>>> print(open('my_file_23.cif').read())   # mmCIF, C-alpha atoms
data_upload
#
loop_
_atom_site.label_atom_id
_atom_site.label_comp_id
_atom_site.auth_asym_id
_atom_site.auth_seq_id
_atom_site.Cartn_x
_atom_site.Cartn_y
_atom_site.Cartn_z
CA MET A 1 0.00 0.00 0.00
CA LYS A 2 2.84 2.36 0.86
CA ARG A 3 4.50 1.70 -2.51
CA LEU A 4 1.21 2.34 -4.30
CA PHE A 5 0.80 5.63 -2.46
CA ILE A 6 4.32 6.72 -3.39
CA LEU A 7 3.70 5.73 -7.03
CA LEU A 8 0.50 7.77 -7.16
CA VAL A 9 2.22 10.78 -5.63
CA CYS A 10 5.05 10.51 -8.16
CA MET A 11 2.60 10.27 -11.05
CA ALA A 12 0.74 13.33 -9.82
CA MET A 13 4.01 15.27 -9.59
CA ILE A 14 5.01 14.23 -13.10
CA MET A 15 1.65 15.07 -14.64
CA GLY A 16 1.15 18.25 -12.66
CA CYS A 17 -2.10 20.15 -12.43
CA ALA A 18 -3.79 22.32 -14.97
CA SER A 19 -3.72 26.01 -14.12
CA ASN A 20 -5.14 29.21 -15.54
CA VAL A 21 -3.06 31.69 -17.49
CA ARG A 22 -3.88 35.14 -16.13
CA PHE A 23 -3.00 38.58 -17.41
CA PHE A 24 -3.58 41.18 -14.69
CA ASP A 25 0.11 42.08 -14.74
CA TYR A 26 -0.21 43.08 -18.41
CA ALA A 27 -3.85 44.12 -18.85
CA ASN A 28 -3.08 47.82 -18.50
CA LYS A 29 -1.45 47.60 -21.96
CA GLN A 30 -4.94 47.59 -23.46
CA GLU A 31 -5.89 50.66 -25.50
CA GLN A 32 -2.23 51.41 -26.02
CA ILE A 33 -0.31 51.14 -29.29
CA ILE A 34 3.27 50.00 -28.71
CA ASP A 35 5.57 49.26 -31.67
CA ASN A 36 2.59 49.12 -34.07
CA THR A 37 0.95 46.56 -31.79
CA ALA A 38 -2.21 46.56 -29.68
CA SER A 39 -3.19 43.87 -27.18
CA LEU A 40 -6.34 42.22 -25.82
CA PHE A 41 -6.42 39.99 -22.73
CA ILE A 42 -9.23 37.47 -22.25
CA ASP A 43 -10.05 34.93 -19.53
CA ALA A 44 -11.22 31.33 -19.98
CA ASN A 45 -14.88 32.39 -20.08
CA GLY A 46 -14.25 34.88 -22.86
CA SER A 47 -14.33 37.98 -20.64
CA VAL A 48 -11.95 40.80 -21.47
CA TYR A 49 -9.77 42.05 -18.63
CA PRO A 50 -10.29 45.56 -17.24
CA LYS A 51 -7.74 48.00 -18.57
CA ASN A 52 -7.29 50.06 -15.39
CA GLY A 53 -8.10 50.41 -11.70
CA PHE A 54 -6.36 47.26 -10.44
CA GLN A 55 -2.99 46.74 -8.84
CA VAL A 56 -0.22 45.07 -10.78
CA GLY A 57 0.69 41.90 -8.91
CA MET A 58 -2.84 40.54 -8.62
CA ASP A 59 -1.80 37.46 -10.57
CA SER A 60 0.12 36.24 -7.52
CA VAL A 61 -2.57 37.16 -5.00
CA ILE A 62 -5.92 35.91 -6.24
CA GLN A 63 -7.02 32.29 -6.30
CA GLU A 64 -5.89 30.00 -9.08
CA ARG A 65 -9.31 29.33 -10.61
CA ILE A 66 -10.85 32.77 -10.79
CA SER A 67 -12.53 34.59 -13.66
CA VAL A 68 -12.97 38.27 -14.39
CA TYR A 69 -16.63 37.89 -13.41
CA ASN A 70 -16.15 36.48 -9.92
CA LEU A 71 -13.05 38.54 -9.26
CA ALA A 72 -15.22 41.05 -7.39
CA LEU A 73 -16.28 38.29 -5.02
CA GLU A 74 -12.69 37.42 -4.12
CA GLU A 75 -12.12 38.10 -0.42
CA GLN A 76 -8.58 39.31 -0.98
CA LEU A 77 -9.75 42.05 -3.34
CA ASP A 78 -10.46 45.32 -1.53
CA CYS A 79 -12.91 47.12 -3.80
CA SER A 80 -12.94 50.13 -1.46
CA SER A 81 -9.43 50.99 -2.65
CA VAL A 82 -10.25 50.77 -6.36
CA PRO A 83 -10.04 54.20 -8.05
CA ASP A 84 -13.22 55.87 -9.29
CA ASN A 85 -14.10 55.97 -12.98
CA THR A 86 -12.09 52.90 -13.84
CA GLU A 87 -13.09 49.63 -15.45
CA MET A 88 -12.12 47.78 -12.27
CA GLN A 89 -14.65 49.88 -10.37
CA LYS A 90 -17.35 48.68 -12.77
CA ILE A 91 -16.34 45.10 -12.11
CA CYS A 92 -16.51 45.70 -8.38
CA ALA A 93 -20.09 46.88 -8.89
CA ILE A 94 -20.98 43.34 -9.97
CA LYS A 95 -21.55 42.55 -6.29
CA GLY A 96 -25.28 42.44 -5.72
CA PHE A 97 -26.13 42.41 -9.42
CA SER A 98 -27.12 39.62 -11.78
CA TYR A 99 -24.89 37.91 -14.31
CA ASP A 100 -26.61 39.95 -17.02
CA TYR A 101 -24.97 43.03 -15.50
CA HIS A 102 -21.57 41.40 -16.04
CA ARG A 103 -22.44 40.79 -19.70
CA GLN A 104 -23.47 44.41 -20.13
CA ILE A 105 -20.23 45.65 -18.56
CA GLN A 106 -18.28 43.31 -20.80
CA TYR A 107 -20.03 44.67 -23.85
CA GLU A 108 -19.08 48.20 -22.80
CA PHE A 109 -15.46 47.09 -22.47
CA TRP A 110 -15.51 45.51 -25.94
CA GLN A 111 -17.00 48.68 -27.42
CA SER A 112 -14.25 50.74 -25.80
CA ARG A 113 -11.54 48.50 -27.25
CA ALA A 114 -13.16 48.63 -30.70
CA LYS A 115 -13.55 52.42 -30.66
CA HIS A 116 -9.92 52.93 -29.68
CA LEU A 117 -8.70 50.59 -32.40
CA TYR A 118 -10.95 52.16 -35.03
CA GLU A 119 -9.78 55.68 -34.24
CA TYR A 120 -6.15 54.64 -34.61
CA VAL A 121 -6.70 52.75 -37.87
CA ALA A 122 -8.87 55.50 -39.34
CA SER A 123 -6.14 58.06 -38.67
CA THR A 124 -3.26 55.92 -39.99
CA ASN A 125 -4.85 53.71 -42.70
CA LYS A 126 -2.95 50.71 -41.38
CA GLU A 127 -4.03 47.19 -42.28
CA LEU A 128 -5.26 45.07 -39.39
CA ILE A 129 -3.65 41.73 -38.53
CA PHE A 130 -4.88 39.82 -35.48
CA MET A 131 -2.78 37.04 -33.93
CA VAL A 132 -4.02 34.28 -31.61
CA HIS A 133 -1.73 31.93 -29.67
CA GLY A 134 -2.42 28.36 -28.63
CA TYR A 135 -2.77 26.27 -25.48
CA ASN A 136 -0.12 26.12 -22.74
CA ASN A 137 1.31 29.58 -23.51
CA ASP A 138 1.89 32.29 -20.94
CA TYR A 139 2.31 35.97 -21.82
CA GLU A 140 6.05 35.85 -22.52
CA GLU A 141 5.83 32.72 -24.69
CA SER A 142 2.90 34.11 -26.63
CA LYS A 143 4.54 37.48 -27.20
CA ALA A 144 7.71 35.78 -28.50
CA ASN A 145 5.62 33.80 -31.00
CA PHE A 146 3.69 36.90 -32.04
CA ASP A 147 6.97 38.68 -32.73
CA LEU A 148 8.07 35.82 -34.98
CA LEU A 149 4.81 36.01 -36.93
CA LYS A 150 5.06 39.79 -37.25
CA ASN A 151 8.50 39.43 -38.77
CA GLN A 152 7.21 36.96 -41.37
CA VAL A 153 4.38 39.33 -42.32
CA LYS A 154 6.85 42.14 -42.90
CA LEU A 155 9.10 39.87 -44.98
CA ASN A 156 6.38 38.47 -47.22
CA ALA A 157 3.77 41.19 -47.71
CA SER A 158 3.75 42.67 -51.18
CA PRO A 159 4.40 45.49 -51.82
CA SER A 160 6.85 45.95 -48.98
CA SER A 161 5.46 49.43 -48.29
CA ARG A 162 2.28 48.02 -46.73
CA ASP A 163 1.74 49.30 -43.21
CA PHE A 164 0.22 47.05 -40.53
CA LEU A 165 -1.27 47.35 -37.08
CA PHE A 166 -0.87 44.05 -35.25
CA VAL A 167 -3.31 43.04 -32.51
CA ASN A 168 -2.08 40.37 -30.09
CA ILE A 169 -4.97 38.37 -28.65
CA TYR A 170 -3.93 36.75 -25.37
CA TRP A 171 -6.39 34.23 -23.96
CA ASP A 172 -6.43 31.71 -21.16
CA GLY A 173 -5.41 28.53 -22.96
CA PHE A 174 -4.47 26.97 -19.59
CA LYS A 175 -1.06 25.72 -18.51
CA GLY A 176 0.01 22.14 -17.97
CA ASN A 177 0.76 19.03 -19.99
CA PRO A 178 -2.15 17.30 -21.76
CA VAL A 179 -2.63 14.60 -19.11
CA SER A 180 -3.04 17.29 -16.45
CA GLY A 181 -6.40 18.19 -17.99
CA ALA A 182 -5.14 21.52 -19.36
CA TRP A 183 -5.69 20.47 -22.97
CA SER A 184 -9.34 19.53 -22.37
CA LEU A 185 -9.93 22.77 -20.48
CA ALA A 186 -8.38 24.77 -23.32
CA GLN A 187 -10.62 23.00 -25.83
CA GLY A 188 -13.62 24.08 -23.80
CA ALA A 189 -12.40 27.64 -23.29
CA GLY A 190 -11.35 28.36 -26.89
CA PRO A 191 -14.87 28.43 -28.38
CA LEU A 192 -16.10 30.70 -25.57
CA VAL A 193 -13.23 33.10 -26.24
CA GLY A 194 -13.98 33.17 -29.97
CA PHE A 195 -17.70 33.57 -29.36
CA ARG A 196 -17.20 36.51 -26.98
CA LEU A 197 -14.77 38.14 -29.42
CA ARG A 198 -17.72 38.55 -31.78
CA ALA A 199 -18.87 41.46 -29.61
CA PHE A 200 -15.53 43.19 -30.21
CA PHE A 201 -15.43 42.58 -33.96
CA ASN A 202 -19.06 43.57 -34.45
CA ALA A 203 -18.40 46.79 -32.54
CA LEU A 204 -15.30 47.39 -34.67
CA SER A 205 -17.20 46.82 -37.91
CA GLN A 206 -19.98 49.12 -36.67
CA GLN A 207 -17.48 51.91 -36.01
CA PHE A 208 -16.58 51.94 -39.70
CA ILE A 209 -20.23 51.90 -40.78
CA GLU A 210 -21.22 54.72 -38.42
CA ASN A 211 -18.44 56.83 -39.90
CA ALA A 212 -19.57 56.15 -43.48
CA LYS A 213 -16.68 53.79 -44.19
CA GLN A 214 -16.72 50.24 -45.47
CA PRO A 215 -15.47 47.68 -42.92
CA PRO A 216 -11.93 46.77 -44.02
CA ASN A 217 -10.16 43.58 -44.96
CA ILE A 218 -8.85 41.84 -41.86
CA THR A 219 -6.27 39.09 -41.50
CA PHE A 220 -5.71 36.52 -38.75
CA LEU A 221 -2.74 34.36 -37.83
CA THR A 222 -3.07 31.51 -35.36
CA HIS A 223 -0.81 28.86 -33.94
CA SER A 224 -2.03 25.50 -32.64
CA SER A 225 -5.33 25.71 -30.71
CA GLY A 226 -5.74 29.36 -31.62
CA ALA A 227 -7.55 27.81 -34.60
CA PHE A 228 -10.56 26.74 -32.56
CA VAL A 229 -10.89 30.25 -31.15
CA LEU A 230 -11.47 31.48 -34.70
CA GLY A 231 -13.81 28.58 -35.40
CA ALA A 232 -16.29 30.10 -32.93
CA LEU A 233 -15.58 33.69 -33.93
CA PHE A 234 -16.60 33.13 -37.54
CA GLY A 235 -18.82 30.09 -37.32
CA ASN A 236 -20.49 27.40 -35.28
CA PRO A 237 -17.86 24.82 -34.25
CA VAL A 238 -20.25 22.74 -32.18
CA ALA A 239 -19.78 19.61 -34.32
CA ALA A 240 -16.09 19.63 -33.38
CA LEU A 241 -16.75 19.58 -29.65
CA PRO A 242 -19.97 17.70 -28.87
CA GLU A 243 -20.00 18.71 -25.19
CA LEU A 244 -20.80 22.25 -26.35
CA GLN A 245 -24.14 20.96 -27.66
CA GLU A 246 -25.51 20.11 -24.20
CA PRO A 247 -24.05 22.40 -21.53
CA LYS A 248 -24.11 21.31 -17.93
CA VAL A 249 -26.99 22.55 -15.82
CA GLY A 250 -26.10 25.93 -14.35
CA ASP A 251 -23.26 26.62 -16.79
CA LYS A 252 -24.20 30.16 -17.82
CA GLU A 253 -21.47 30.64 -20.41
CA TYR A 254 -22.08 27.48 -22.42
CA ALA A 255 -25.85 27.93 -22.23
CA PHE A 256 -25.48 31.46 -23.58
CA PHE A 257 -23.16 30.17 -26.30
CA ARG A 258 -25.70 27.52 -27.30
CA LYS A 259 -28.48 30.10 -27.55
CA ASN A 260 -26.48 32.65 -29.56
CA ARG A 261 -23.83 30.72 -31.48
CA LEU A 262 -25.59 31.20 -34.84
CA GLY A 263 -25.74 34.92 -34.21
CA ASN A 264 -29.46 35.25 -34.78
CA ALA A 265 -30.68 35.64 -31.19
CA ASP A 266 -28.57 38.59 -30.01
CA GLU A 267 -27.25 41.20 -32.45
CA ARG A 268 -24.13 41.71 -30.36
CA TYR A 269 -23.04 38.13 -31.10
CA LYS A 270 -23.89 37.85 -34.78
CA ILE A 271 -21.22 36.58 -37.16
CA PRO A 272 -18.93 39.59 -37.87
CA ILE A 273 -18.97 41.15 -41.34
CA PHE A 274 -15.88 42.61 -43.04
CA LYS A 275 -14.85 43.29 -46.63
CA SER A 276 -12.82 40.08 -46.51
CA ILE A 277 -11.51 37.76 -43.80
CA ARG A 278 -8.20 35.97 -44.27
CA ILE A 279 -7.20 33.32 -41.78
CA GLY A 280 -3.77 31.64 -41.67
CA MET A 281 -3.53 28.68 -39.31
CA ILE A 282 -0.17 27.13 -38.46
CA ALA A 283 -0.42 23.68 -36.83
CA ALA A 284 -4.20 23.96 -36.45
CA ALA A 285 -4.95 21.78 -33.41
CA THR A 286 -8.61 21.17 -34.10
CA PRO A 287 -10.72 18.70 -36.12
CA THR A 288 -11.88 19.48 -39.64
CA THR A 289 -15.48 19.69 -38.35
CA THR A 290 -14.54 23.01 -36.74
CA PHE A 291 -14.69 24.55 -40.22
CA ASN A 292 -16.92 22.15 -42.13
CA GLY A 293 -19.34 20.60 -39.69
CA VAL A 294 -22.35 18.38 -40.02
CA ASP A 295 -26.02 19.12 -39.47
CA GLU A 296 -26.94 19.02 -35.82
CA SER A 297 -30.31 17.57 -34.87
CA GLY A 298 -32.13 19.09 -31.96
CA THR A 299 -35.47 18.41 -30.32
CA PRO A 300 -37.53 18.70 -32.42
CA PRO A 301 -34.99 17.83 -35.13
CA ILE A 302 -33.89 21.05 -36.83
CA ALA A 303 -30.86 21.16 -39.09
CA ILE A 304 -28.62 24.13 -38.28
CA ALA A 305 -25.50 25.47 -39.93
CA THR A 306 -22.16 24.37 -38.54
CA GLY A 307 -18.61 25.19 -39.49
CA ILE A 308 -17.59 28.54 -40.99
CA ILE A 309 -20.57 30.85 -41.51
CA ALA A 310 -18.86 34.21 -42.16
CA ASN A 311 -18.67 35.57 -45.70
CA LYS A 312 -15.66 36.34 -47.93
CA VAL A 313 -13.38 33.97 -46.03
CA THR A 314 -9.96 32.72 -47.13
CA MET A 315 -8.33 29.95 -45.09
CA ILE A 316 -4.68 28.91 -45.32
CA PHE A 317 -3.65 25.79 -43.39
CA SER A 318 -0.27 24.29 -42.69
CA MET A 319 -0.05 20.52 -43.16
CA ASN A 320 2.41 18.34 -41.25
CA LYS A 321 1.78 14.61 -40.89
CA TYR A 322 4.79 14.35 -38.57
CA ASP A 323 3.79 17.03 -36.04
CA TYR A 324 4.22 15.07 -32.78
CA ALA A 325 1.64 17.15 -30.87
CA LEU A 326 -1.08 16.98 -33.53
CA THR A 327 -0.58 13.28 -34.24
CA LYS A 328 0.06 12.42 -30.56
CA GLY A 329 3.17 10.70 -31.85
CA PHE A 330 1.23 7.71 -33.21
CA GLN A 331 -0.89 9.11 -36.08
CA ILE A 332 -3.98 9.17 -33.86
CA GLN A 333 -4.91 12.76 -34.58
CA ASN A 334 -8.56 11.95 -35.21
CA LEU A 335 -9.48 10.17 -31.98
CA SER A 336 -12.10 12.51 -30.55
CA PHE A 337 -11.65 11.49 -26.90
CA LEU A 338 -8.01 12.63 -27.13
CA GLY A 339 -9.01 15.88 -28.79
CA ALA A 340 -9.06 15.49 -32.57
CA THR A 341 -6.42 17.62 -34.35
CA GLY A 342 -6.67 16.54 -37.97
CA SER A 343 -7.01 19.97 -39.61
CA GLY A 344 -3.27 20.56 -39.58
CA SER A 345 -1.97 17.02 -39.89
CA ASP A 346 -4.25 14.84 -42.02
CA LYS A 347 -4.09 15.48 -45.77
CA GLU A 348 -6.87 12.99 -46.52
CA ARG A 349 -9.29 14.74 -44.20
CA TYR A 350 -8.19 18.14 -45.46
CA CYS A 351 -9.00 17.08 -49.01
CA GLN A 352 -12.30 15.51 -48.05
CA TYR A 353 -13.66 18.14 -45.66
CA LEU A 354 -11.72 21.40 -46.02
CA GLU A 355 -10.61 21.90 -49.61
CA VAL A 356 -14.20 21.30 -50.75
CA LEU A 357 -15.28 24.38 -48.78
CA GLU A 358 -14.00 26.45 -51.69
CA GLY A 359 -17.20 25.52 -53.50
CA LYS A 360 -19.37 27.27 -50.89
CA SER A 361 -20.64 30.77 -51.64
CA ASN A 362 -19.17 32.26 -48.43
CA ILE A 363 -15.64 30.90 -48.97
CA ASP A 364 -13.21 32.61 -51.35
CA ARG A 365 -10.25 30.25 -51.13
CA VAL A 366 -8.89 27.28 -49.15
CA THR A 367 -5.22 26.30 -49.40
CA ALA A 368 -2.85 24.11 -47.42
CA ILE A 369 0.94 24.21 -47.41
CA HIS A 370 3.17 21.22 -46.60
CA PHE A 371 5.42 21.86 -43.59
CA GLU A 372 6.96 18.41 -43.09
CA LYS A 373 10.63 18.62 -42.22
CA PRO A 374 12.70 17.40 -45.18
CA ASN A 375 14.33 13.99 -44.77
CA THR A 376 12.31 13.06 -41.70
CA PRO A 377 13.37 9.44 -41.05
CA TRP A 378 10.71 6.74 -41.13
CA PHE A 379 11.92 5.38 -37.79
CA LYS A 380 11.56 8.78 -36.07
CA PRO A 381 8.62 10.54 -37.75
CA PHE A 382 8.36 13.44 -35.29
CA ASN A 383 8.47 17.16 -36.16
CA ASP A 384 8.42 19.98 -33.63
CA HIS A 385 5.03 21.60 -32.99
CA ALA A 386 6.53 25.00 -32.09
CA LEU A 387 7.16 27.96 -34.36
CA LYS A 388 10.71 28.71 -33.29
CA ASP A 389 14.02 26.80 -33.36
CA ASP A 390 13.48 23.59 -35.36
CA GLY A 391 9.73 24.20 -35.59
CA TYR A 392 7.48 25.37 -38.41
CA LEU A 393 9.25 28.60 -39.31
CA ALA A 394 12.49 26.67 -39.83
CA ARG A 395 10.96 25.35 -43.07
CA LYS A 396 11.73 28.59 -44.87
CA LEU A 397 10.32 27.73 -48.30
CA SER A 398 7.02 26.53 -46.88
CA THR A 399 6.90 29.57 -44.61
CA LYS A 400 7.41 31.90 -47.55
CA VAL A 401 4.61 30.35 -49.61
CA PHE A 402 2.26 30.18 -46.61
CA PHE A 403 2.60 33.88 -45.77
CA GLN A 404 2.52 34.99 -49.37
CA ALA A 405 -0.65 32.97 -49.96
CA LEU A 406 -2.24 34.58 -46.90
CA LEU A 407 -1.15 38.17 -47.48
CA ASN A 408 -1.10 38.63 -51.26
CA ASN A 409 -3.71 38.30 -53.97
CA ASP A 410 -1.05 37.13 -56.42
CA TYR A 411 1.52 34.58 -55.32
CA SER A 412 3.30 31.58 -56.77
CA ASP A 413 4.61 28.28 -55.46
CA PRO A 414 7.86 27.49 -57.28
CA TYR A 415 8.79 25.05 -54.51
CA ASN A 416 5.78 22.72 -54.95
CA VAL A 417 4.83 22.79 -51.27
CA THR A 418 1.09 23.38 -51.81
CA VAL A 419 -1.07 20.37 -50.87
CA GLU A 420 -2.56 18.80 -54.00
CA CYS A 421 -5.79 16.82 -53.58
CA HIS A 422 -6.40 15.67 -57.14
#
>>> encode(input="my_file_23.cif", output="structure tokens")
Amino acid sequence: MKRLFILLVCMAMIMGCASNVRFFDYANKQEQIIDNTASLFIDANGSVYPKNGFQVGMDSVIQERISVYNLALEEQLDCSSVPDNTEMQKICAIKGFSYDYHRQIQYEFWQSRAKHLYEYVASTNKELIFMVHGYNNDYEESKANFDLLKNQVKLNASPSSRDFLFVNIYWDGFKGNPVSGAWSLAQGAGPLVGFRLRAFFNALSQQFIENAKQPPNITFLTHSSGAFVLGALFGNPVAALPELQEPKVGDKEYAFFRKNRLGNADERYKIPIFKSIRIGMIAAATPTTTFNGVDESGTPPIAIATGIIANKVTMIFSMNKYDYALTKGFQIQNLSFLGATGSGSDKERYCQYLEVLEGKSNIDRVTAIHFEKPNTPWFKPFNDHALKDDGYLARKLSTKVFFQALLNNDYSDPYNVTVECH
């Protein structure tokens, strides 16, 4: 019995526990433009962090599992010391109010972020590029990856005189190895984050319309599970994650998602509309049904749209059958109970379920670029899942074609790295 106890303790130490990734120490960067970059910080429920009125250092004080909503209920938070006329003061006012009050405050925050971004873009005419990191990334890791992506945009955009405003989207993708439960938690959080981001992008689009301007072209870059954030932002990814279909009793966020995911019950959460939407996904850690789902039957049976619903969408995928994280090391990327990740690793499924999207009226183009490491030995078919070092961006020819396909209307592939399905 003693040996068994020691073994269990050792296993727990090895696996570790899943933990939230929080951003109070950085959230005051919101509504600032630093080095042509803006930032948004979002919790696991899809709530945007307040931009002011809190003390830096809260990340080390508050409880591990705490959201922006129930922050005001945290005993260690002294709301009496929060400055007046700040967003943190509005959060403190949640005490004694319903959850609907929290949603209203959140919508005000999203509108503020959108207005600030619009005013900057309208005065500079910069192009907008949004970047979304994946699971198991803290602020520093995410920022380092965003900087790598920014550099590739600058290298591959044509003409080189194009001027960009980058928006880093930091979200709680949880920390911990997959067996700690962090991966499953991130899969559940990602769609909520994407869904709540609709309020921001609808407010941004509305700013252009109210000022007699056409909503612009926008571009997205994601790494890993950032892909399923965008699946909920621009569509209904419920077929990819069945537990989203029947939320647990009392789960306000998932119930609200279920009611509004098609965007036809609450105008604030409709599918955003822009002149065009370009999405580049490196190592997309999500099943193909995120983007091309199946009809869902309810009670009574009613077929609803799943997958990408937004209009004028271009999607560029990376493809790597040797990515050890996507394939789980054993080519089992499509086992749903392990978290299916076939979009970025399974050419057959890409050809069957994703390339065919190009025939839909709302999709402009779908392309995938091979990112397998050259000369990968058959006896060690593992490629790095990361962007840096020996990861995806080390395949320079594939990287060049991927970014040129995403950023430019006219591009070529002299290196034959584009995935061919026919």
>>> residues_around(input="my_file_23.cif", residues="Arg198 of chain A", least_positions_apart="3", cutoff="9 Å", atoms="all atoms listed in the file", output="PDB file with C-alpha atoms, in the coordinates of the input")
ATOM      1  CA  VAL A 193     -13.230  33.100 -26.240  1.00  0.00           C
ATOM      2  CA  GLY A 194     -13.980  33.170 -29.970  1.00  0.00           C
ATOM      3  CA  PHE A 195     -17.700  33.570 -29.360  1.00  0.00           C
ATOM      4  CA  PHE A 201     -15.430  42.580 -33.960  1.00  0.00           C
ATOM      5  CA  ASN A 202     -19.060  43.570 -34.450  1.00  0.00           C
ATOM      6  CA  ALA A 203     -18.400  46.790 -32.540  1.00  0.00           C
ATOM      7  CA  ALA A 232     -16.290  30.100 -32.930  1.00  0.00           C
ATOM      8  CA  LEU A 233     -15.580  33.690 -33.930  1.00  0.00           C
ATOM      9  CA  PHE A 234     -16.600  33.130 -37.540  1.00  0.00           C
ATOM     10  CA  ARG A 268     -24.130  41.710 -30.360  1.00  0.00           C
ATOM     11  CA  TYR A 269     -23.040  38.130 -31.100  1.00  0.00           C
ATOM     12  CA  LYS A 270     -23.890  37.850 -34.780  1.00  0.00           C
ATOM     13  CA  ILE A 271     -21.220  36.580 -37.160  1.00  0.00           C
ATOM     14  CA  PRO A 272     -18.930  39.590 -37.870  1.00  0.00           C
TER      15      PRO A 272
END
>>> closest_residue(input="my_file_23.cif", among="A:Arg278, A:Ile42, A:Phe54, A:Gly391", to="Asp84 of chain A", atoms="all atoms listed in the file")
A:Phe54
>>> resolve_selection(input="my_file_23.cif", expression="the PyMOL selection byres ((chain A and resi 122-138) around 8)", output="PyMOL selection string")
chain A and resi 21+118-121+139-142+145-146+162-177+182-183+186+217-227+229
>>> atom_distance(input="my_file_23.cif", atom1="atom CA of Thr37 of chain A", atom2="atom CA of Lys51 of chain A")
15.9 Å
>>> residues_around(input="my_file_23.cif", residues="Asn408 of chain A", least_positions_apart="6", cutoff="12 Å", atoms="only C-alpha atoms", output="list in words")
Val153, Asn156, Ala157, Ser158, Pro159, Ser160, Arg162, Thr219, Arg278, Thr314, Ile316, Lys400, Val401 and Phe402 of chain A
>>> write_last_selection(input="my_file_23.cif", atoms="C-alpha atoms", output="PDB file, keeping the file's coordinate frame")
ATOM      1  CA  VAL A 153       4.380  39.330 -42.320  1.00  0.00           C
ATOM      2  CA  ASN A 156       6.380  38.470 -47.220  1.00  0.00           C
ATOM      3  CA  ALA A 157       3.770  41.190 -47.710  1.00  0.00           C
ATOM      4  CA  SER A 158       3.750  42.670 -51.180  1.00  0.00           C
ATOM      5  CA  PRO A 159       4.400  45.490 -51.820  1.00  0.00           C
ATOM      6  CA  SER A 160       6.850  45.950 -48.980  1.00  0.00           C
ATOM      7  CA  ARG A 162       2.280  48.020 -46.730  1.00  0.00           C
ATOM      8  CA  THR A 219      -6.270  39.090 -41.500  1.00  0.00           C
ATOM      9  CA  ARG A 278      -8.200  35.970 -44.270  1.00  0.00           C
ATOM     10  CA  THR A 314      -9.960  32.720 -47.130  1.00  0.00           C
ATOM     11  CA  ILE A 316      -4.680  28.910 -45.320  1.00  0.00           C
ATOM     12  CA  LYS A 400       7.410  31.900 -47.550  1.00  0.00           C
ATOM     13  CA  VAL A 401       4.610  30.350 -49.610  1.00  0.00           C
ATOM     14  CA  PHE A 402       2.260  30.180 -46.610  1.00  0.00           C
TER      15      PHE A 402
END
>>> residues_near_point(input="my_file_23.cif", point="(-0.3, 14.1, -42.0)", cutoff="10 Å", atoms="only C-alpha atoms", output="ChimeraX atom specification")
/A:319-323,326-327,331,333,342-350,370-372
>>> atom_distance(input="my_file_23.cif", atom1="atom CA of Asn151 of chain A", atom2="atom CA of Pro215 of chain A")
25.7 Å
>>> residues_around(input="my_file_23.cif", residues="Lys360 of chain A", least_positions_apart="4", cutoff="12 Å", atoms="all atoms listed in the file", output="list in words")
Phe291, Asn292, Gly307, Ile308, Ile309, Ala310, Asn311, Lys312, Val313, Thr314, Tyr353, Leu354, Glu355, Val356, Asp364, Arg365 and Val366 of chain A
>>> atom_distance(input="my_file_23.cif", atom1="atom CA of Arg103 of chain A", atom2="atom CA of Thr86 of chain A")
17.0 Å
>>> closest_residue(input="my_file_23.cif", among="A:Ala394, A:Thr290, A:Ala199, A:Phe228", to="Asp266 of chain A", atoms="only C-alpha atoms")
A:Ala199
>>> closest_residue(input="my_file_23.cif", among="A:Ile279, A:Val56, A:Ala405, A:Cys17", to="Leu185 of chain A", atoms="only C-alpha atoms")
A:Cys17
>>> closest_residue(input="my_file_23.cif", among="A:Val419, A:Asn383, A:Asp413, A:Gln111", to="Cys351 of chain A", atoms="only C-alpha atoms")
A:Val419
